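Dumped run29.cif below, it's mmCIF, C-alpha atoms:
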```
data_upload
loop_
_atom_site.group_PDB
_atom_site.id
_atom_site.type_symbol
_atom_site.label_atom_id
_atom_site.label_comp_id
_atom_site.auth_asym_id
_atom_site.auth_seq_id
_atom_site.Cartn_x
_atom_site.Cartn_y
_atom_site.Cartn_z
ATOM 1 C CA MET A 1 0.000 0.000 0.000
ATOM 2 C CA SER A 2 1.490 3.333 -1.016
ATOM 3 C CA HIS A 3 1.452 6.291 1.271
ATOM 4 C CA THR A 4 0.165 9.520 -0.194
ATOM 5 C CA ALA A 5 0.397 12.875 1.482
ATOM 6 C CA THR A 6 -2.797 14.209 2.920
ATOM 7 C CA PRO A 7 -4.047 17.570 1.679
ATOM 8 C CA GLN A 8 -3.185 19.017 5.082
ATOM 9 C CA SER A 9 0.425 17.889 4.872
ATOM 10 C CA LYS A 10 0.708 19.214 1.313
ATOM 11 C CA ILE A 11 -0.543 22.591 2.475
ATOM 12 C CA ALA A 12 1.887 22.538 5.398
ATOM 13 C CA THR A 13 4.759 21.640 3.075
ATOM 14 C CA ILE A 14 3.874 24.476 0.718
ATOM 15 C CA ALA A 15 3.567 26.917 3.629
ATOM 16 C CA ILE A 16 6.968 25.894 4.982
ATOM 17 C CA TRP A 17 8.553 26.353 1.551
ATOM 18 C CA VAL A 18 6.944 29.772 1.138
ATOM 19 C CA LEU A 19 8.369 30.844 4.512
ATOM 20 C CA ARG A 20 11.787 29.424 3.630
ATOM 21 C CA VAL A 21 11.924 31.230 0.295
ATOM 22 C CA LEU A 22 10.683 34.560 1.661
ATOM 23 C CA LEU A 23 13.081 34.528 4.609
ATOM 24 C CA ALA A 24 15.967 33.373 2.443
ATOM 25 C CA ALA A 25 15.318 36.229 -0.003
ATOM 26 C CA LEU A 26 15.151 38.726 2.867
ATOM 27 C CA PHE A 27 18.399 37.560 4.445
ATOM 28 C CA LEU A 28 20.237 37.154 1.120
ATOM 29 C CA PHE A 29 19.350 40.745 0.307
ATOM 30 C CA ALA A 30 20.330 42.045 3.753
ATOM 31 C CA GLY A 31 23.562 40.055 3.799
ATOM 32 C CA THR A 32 24.533 41.253 0.347
ATOM 33 C CA LEU A 33 23.991 44.898 1.354
ATOM 34 C CA LYS A 34 26.300 44.395 4.309
ATOM 35 C CA LEU A 35 29.033 42.620 2.361
ATOM 36 C CA ILE A 36 29.130 45.106 -0.526
ATOM 37 C CA GLY A 37 29.354 47.979 1.940
ATOM 38 C CA VAL A 38 26.207 49.990 1.321
ATOM 39 C CA GLU A 39 26.672 53.301 3.159
ATOM 40 C CA MET A 40 23.561 52.796 5.310
ATOM 41 C CA GLU A 41 24.982 49.503 6.629
ATOM 42 C CA ILE A 42 28.372 51.038 7.332
ATOM 43 C CA VAL A 43 26.739 53.822 9.337
ATOM 44 C CA VAL A 44 24.539 51.418 11.319
ATOM 45 C CA PHE A 45 27.505 49.267 12.309
ATOM 46 C CA GLU A 46 29.517 52.385 13.226
ATOM 47 C CA GLN A 47 26.649 53.359 15.546
ATOM 48 C CA VAL A 48 26.653 49.893 17.097
ATOM 49 C CA GLY A 49 30.306 50.534 17.921
ATOM 50 C CA LEU A 50 31.785 47.052 17.622
ATOM 51 C CA GLY A 51 33.607 47.623 14.350
ATOM 52 C CA GLN A 52 33.035 46.869 10.710
ATOM 53 C CA TRP A 53 34.193 43.279 11.177
ATOM 54 C CA LEU A 54 30.747 42.673 12.714
ATOM 55 C CA ARG A 55 29.091 43.916 9.511
ATOM 56 C CA TYR A 56 31.067 41.381 7.495
ATOM 57 C CA ALA A 57 30.408 38.571 9.987
ATOM 58 C CA THR A 58 26.707 39.388 10.092
ATOM 59 C CA GLY A 59 26.440 39.589 6.305
ATOM 60 C CA LEU A 60 28.224 36.267 5.919
ATOM 61 C CA ALA A 61 26.018 34.625 8.569
ATOM 62 C CA GLU A 62 22.912 35.970 6.819
ATOM 63 C CA ILE A 63 23.967 34.555 3.461
ATOM 64 C CA VAL A 64 25.076 31.192 4.867
ATOM 65 C CA GLY A 65 21.874 30.911 6.905
ATOM 66 C CA ALA A 66 19.704 31.881 3.934
ATOM 67 C CA VAL A 67 21.315 29.305 1.651
ATOM 68 C CA ALA A 68 21.064 26.623 4.361
ATOM 69 C CA LEU A 69 17.395 27.518 4.813
ATOM 70 C CA LEU A 70 16.731 26.558 1.191
ATOM 71 C CA VAL A 71 18.360 23.120 1.478
ATOM 72 C CA PRO A 72 15.905 20.708 3.122
ATOM 73 C CA ALA A 73 18.654 18.761 4.917
ATOM 74 C CA THR A 74 20.047 21.929 6.545
ATOM 75 C CA SER A 75 16.986 24.141 6.731
ATOM 76 C CA ALA A 76 16.538 23.949 10.507
ATOM 77 C CA PHE A 77 20.207 24.805 11.034
ATOM 78 C CA GLY A 78 19.895 27.756 8.654
ATOM 79 C CA ALA A 79 16.925 28.954 10.680
ATOM 80 C CA LEU A 80 19.005 28.663 13.879
ATOM 81 C CA ILE A 81 21.794 30.761 12.362
ATOM 82 C CA LEU A 82 19.312 33.383 11.199
ATOM 83 C CA LEU A 83 17.554 33.420 14.574
ATOM 84 C CA ALA A 84 20.903 34.166 16.241
ATOM 85 C CA VAL A 85 21.473 37.036 13.782
ATOM 86 C CA ASP A 86 17.947 38.284 14.405
ATOM 87 C CA ILE A 87 18.393 38.219 18.180
ATOM 88 C CA GLY A 88 21.560 40.278 17.744
ATOM 89 C CA ALA A 89 19.680 42.744 15.539
ATOM 90 C CA PHE A 90 16.953 43.033 18.173
ATOM 91 C CA GLY A 91 19.537 43.774 20.848
ATOM 92 C CA ALA A 92 21.203 46.418 18.700
ATOM 93 C CA GLN A 93 17.856 48.001 17.786
ATOM 94 C CA VAL A 94 16.721 48.235 21.402
ATOM 95 C CA ALA A 95 19.970 48.967 23.258
ATOM 96 C CA VAL A 96 21.997 51.068 20.841
ATOM 97 C CA LEU A 97 20.087 52.271 17.792
ATOM 98 C CA HIS A 98 16.798 53.002 19.584
ATOM 99 C CA GLN A 99 14.808 52.147 16.482
ATOM 100 C CA ASP A 100 11.663 50.164 15.882
ATOM 101 C CA SER A 101 12.335 46.511 16.666
ATOM 102 C CA ILE A 102 8.970 44.911 15.909
ATOM 103 C CA HIS A 103 10.225 43.563 12.574
ATOM 104 C CA THR A 104 12.951 41.622 14.365
ATOM 105 C CA VAL A 105 10.342 40.105 16.680
ATOM 106 C CA VAL A 106 8.099 39.080 13.765
ATOM 107 C CA ILE A 107 11.046 37.522 11.921
ATOM 108 C CA ALA A 108 12.147 35.715 15.099
ATOM 109 C CA VAL A 109 8.676 34.226 15.546
ATOM 110 C CA ILE A 110 8.632 32.967 11.957
ATOM 111 C CA LEU A 111 12.119 31.500 12.335
ATOM 112 C CA ALA A 112 11.097 29.861 15.624
ATOM 113 C CA VAL A 113 8.113 28.255 13.869
ATOM 114 C CA LEU A 114 10.407 26.897 11.142
ATOM 115 C CA ILE A 115 12.801 25.550 13.754
ATOM 116 C CA TYR A 116 9.943 23.926 15.645
ATOM 117 C CA VAL A 117 8.388 22.203 12.634
ATOM 118 C CA GLN A 118 11.844 20.954 11.575
ATOM 119 C CA ARG A 119 13.057 20.102 15.074
ATOM 120 C CA ASP A 120 13.568 16.425 14.195
ATOM 121 C CA GLN A 121 16.344 17.509 11.839
ATOM 122 C CA ILE A 122 18.222 19.058 14.759
ATOM 123 C CA LEU A 123 17.431 16.256 17.177
ATOM 124 C CA ASP A 124 18.635 13.612 14.687
ATOM 125 C CA ARG A 125 21.993 15.402 14.361
ATOM 126 C CA LEU A 126 22.367 15.596 18.144
ATOM 127 C CA ARG A 127 21.874 11.843 18.559
#
```
Can the structure in the file be given as structure tokens, please?
Amino acid sequence: MSHTATPQSKIATIAIWVLRVLLAALFLFAGTLKLIGVEMEIVVFEQVGLGQWLRYATGLAEIVGAVALLVPATSAFGALILLAVDIGAFGAQVAVLHQDSIHTVVIAVILAVLIYVQRDQILDRLR
């Protein structure tokens, strides 16, 4: 007897892929801006005060996490990387930049959902 996916699981799979693609596009764009040295990014990281090395590290982490997010075998780990970046962005927004941080919270919630629904991927690697 063959196993076919239920309509619910197909919808869930599509929803997960939509979230993966949207978040990957967002972080690929943001990471690229950091790595190519867009003036706005340079200024933001100067305001944070930890040096431009952090801009490069953050941009690289965003790109690596975004690419990993698109690979089913590494998607949960990509989401973990991006959640760490997002938590750092939240801290910088609140503590140093004093800017609106709601977008970082929304992104963190979406990443947390992706991590949760793919948690077996992480648990299997830990075993």
(message) Within 12 Å of (23.0, 34.8, 14.6) (file coordinates; only C-alpha atoms), which protein or nucleic acid residues are there? I'd like them as a list in words.
(response) Phe27, Leu54, Ala57, Thr58, Gly59, Leu60, Ala61, Glu62, Ile63, Val64, Gly65, Ala66, Phe77, Gly78, Ala79, Leu80, Ile81, Leu82, Leu83, Ala84, Val85, Asp86, Ile87, Gly88, Ala89, Phe90, Gly91, Ala108 and Leu111 of chain A
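Across the chains present, the PyMOL selection byres ((chain A and resi 113-123) around 10) applied to this file returns Ala12, Ile16, Trp17, Leu19, Arg20, Leu69, Pro72, Ala73, Thr74, Ser75, Ala76, Phe77, Gly78, Ala79, Leu80, Leu83, Ile107, Ala108, Val109, Ile110, Leu111, Ala112, Asp124, Arg125, Leu126 and Arg127 of chain A.
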(request) Have a look at CA of Trp53 in chain A and CA of Asp100 in chain A and let me know their distance in Å, one decimal. (result) 24.0 Å
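A straight line drawn from CA of Ile36 in chain A to CA of Val105 in chain A is 26.0 Å long.
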(request) Name the residues, using the chain letters and numbers of the file, that sit within 12 Å of (14.0, 47.0, 10.6) when counting only C-alpha atoms, and give them as a VMD selection string. (result) chain A and resid 26 30 41 44 86 89 to 90 92 to 94 97 to 107
(request) Please measure the separation of CA of Leu35 in chain A and CA of Gln52 in chain A, giving the value in Å to one decimal. (result) 10.2 Å
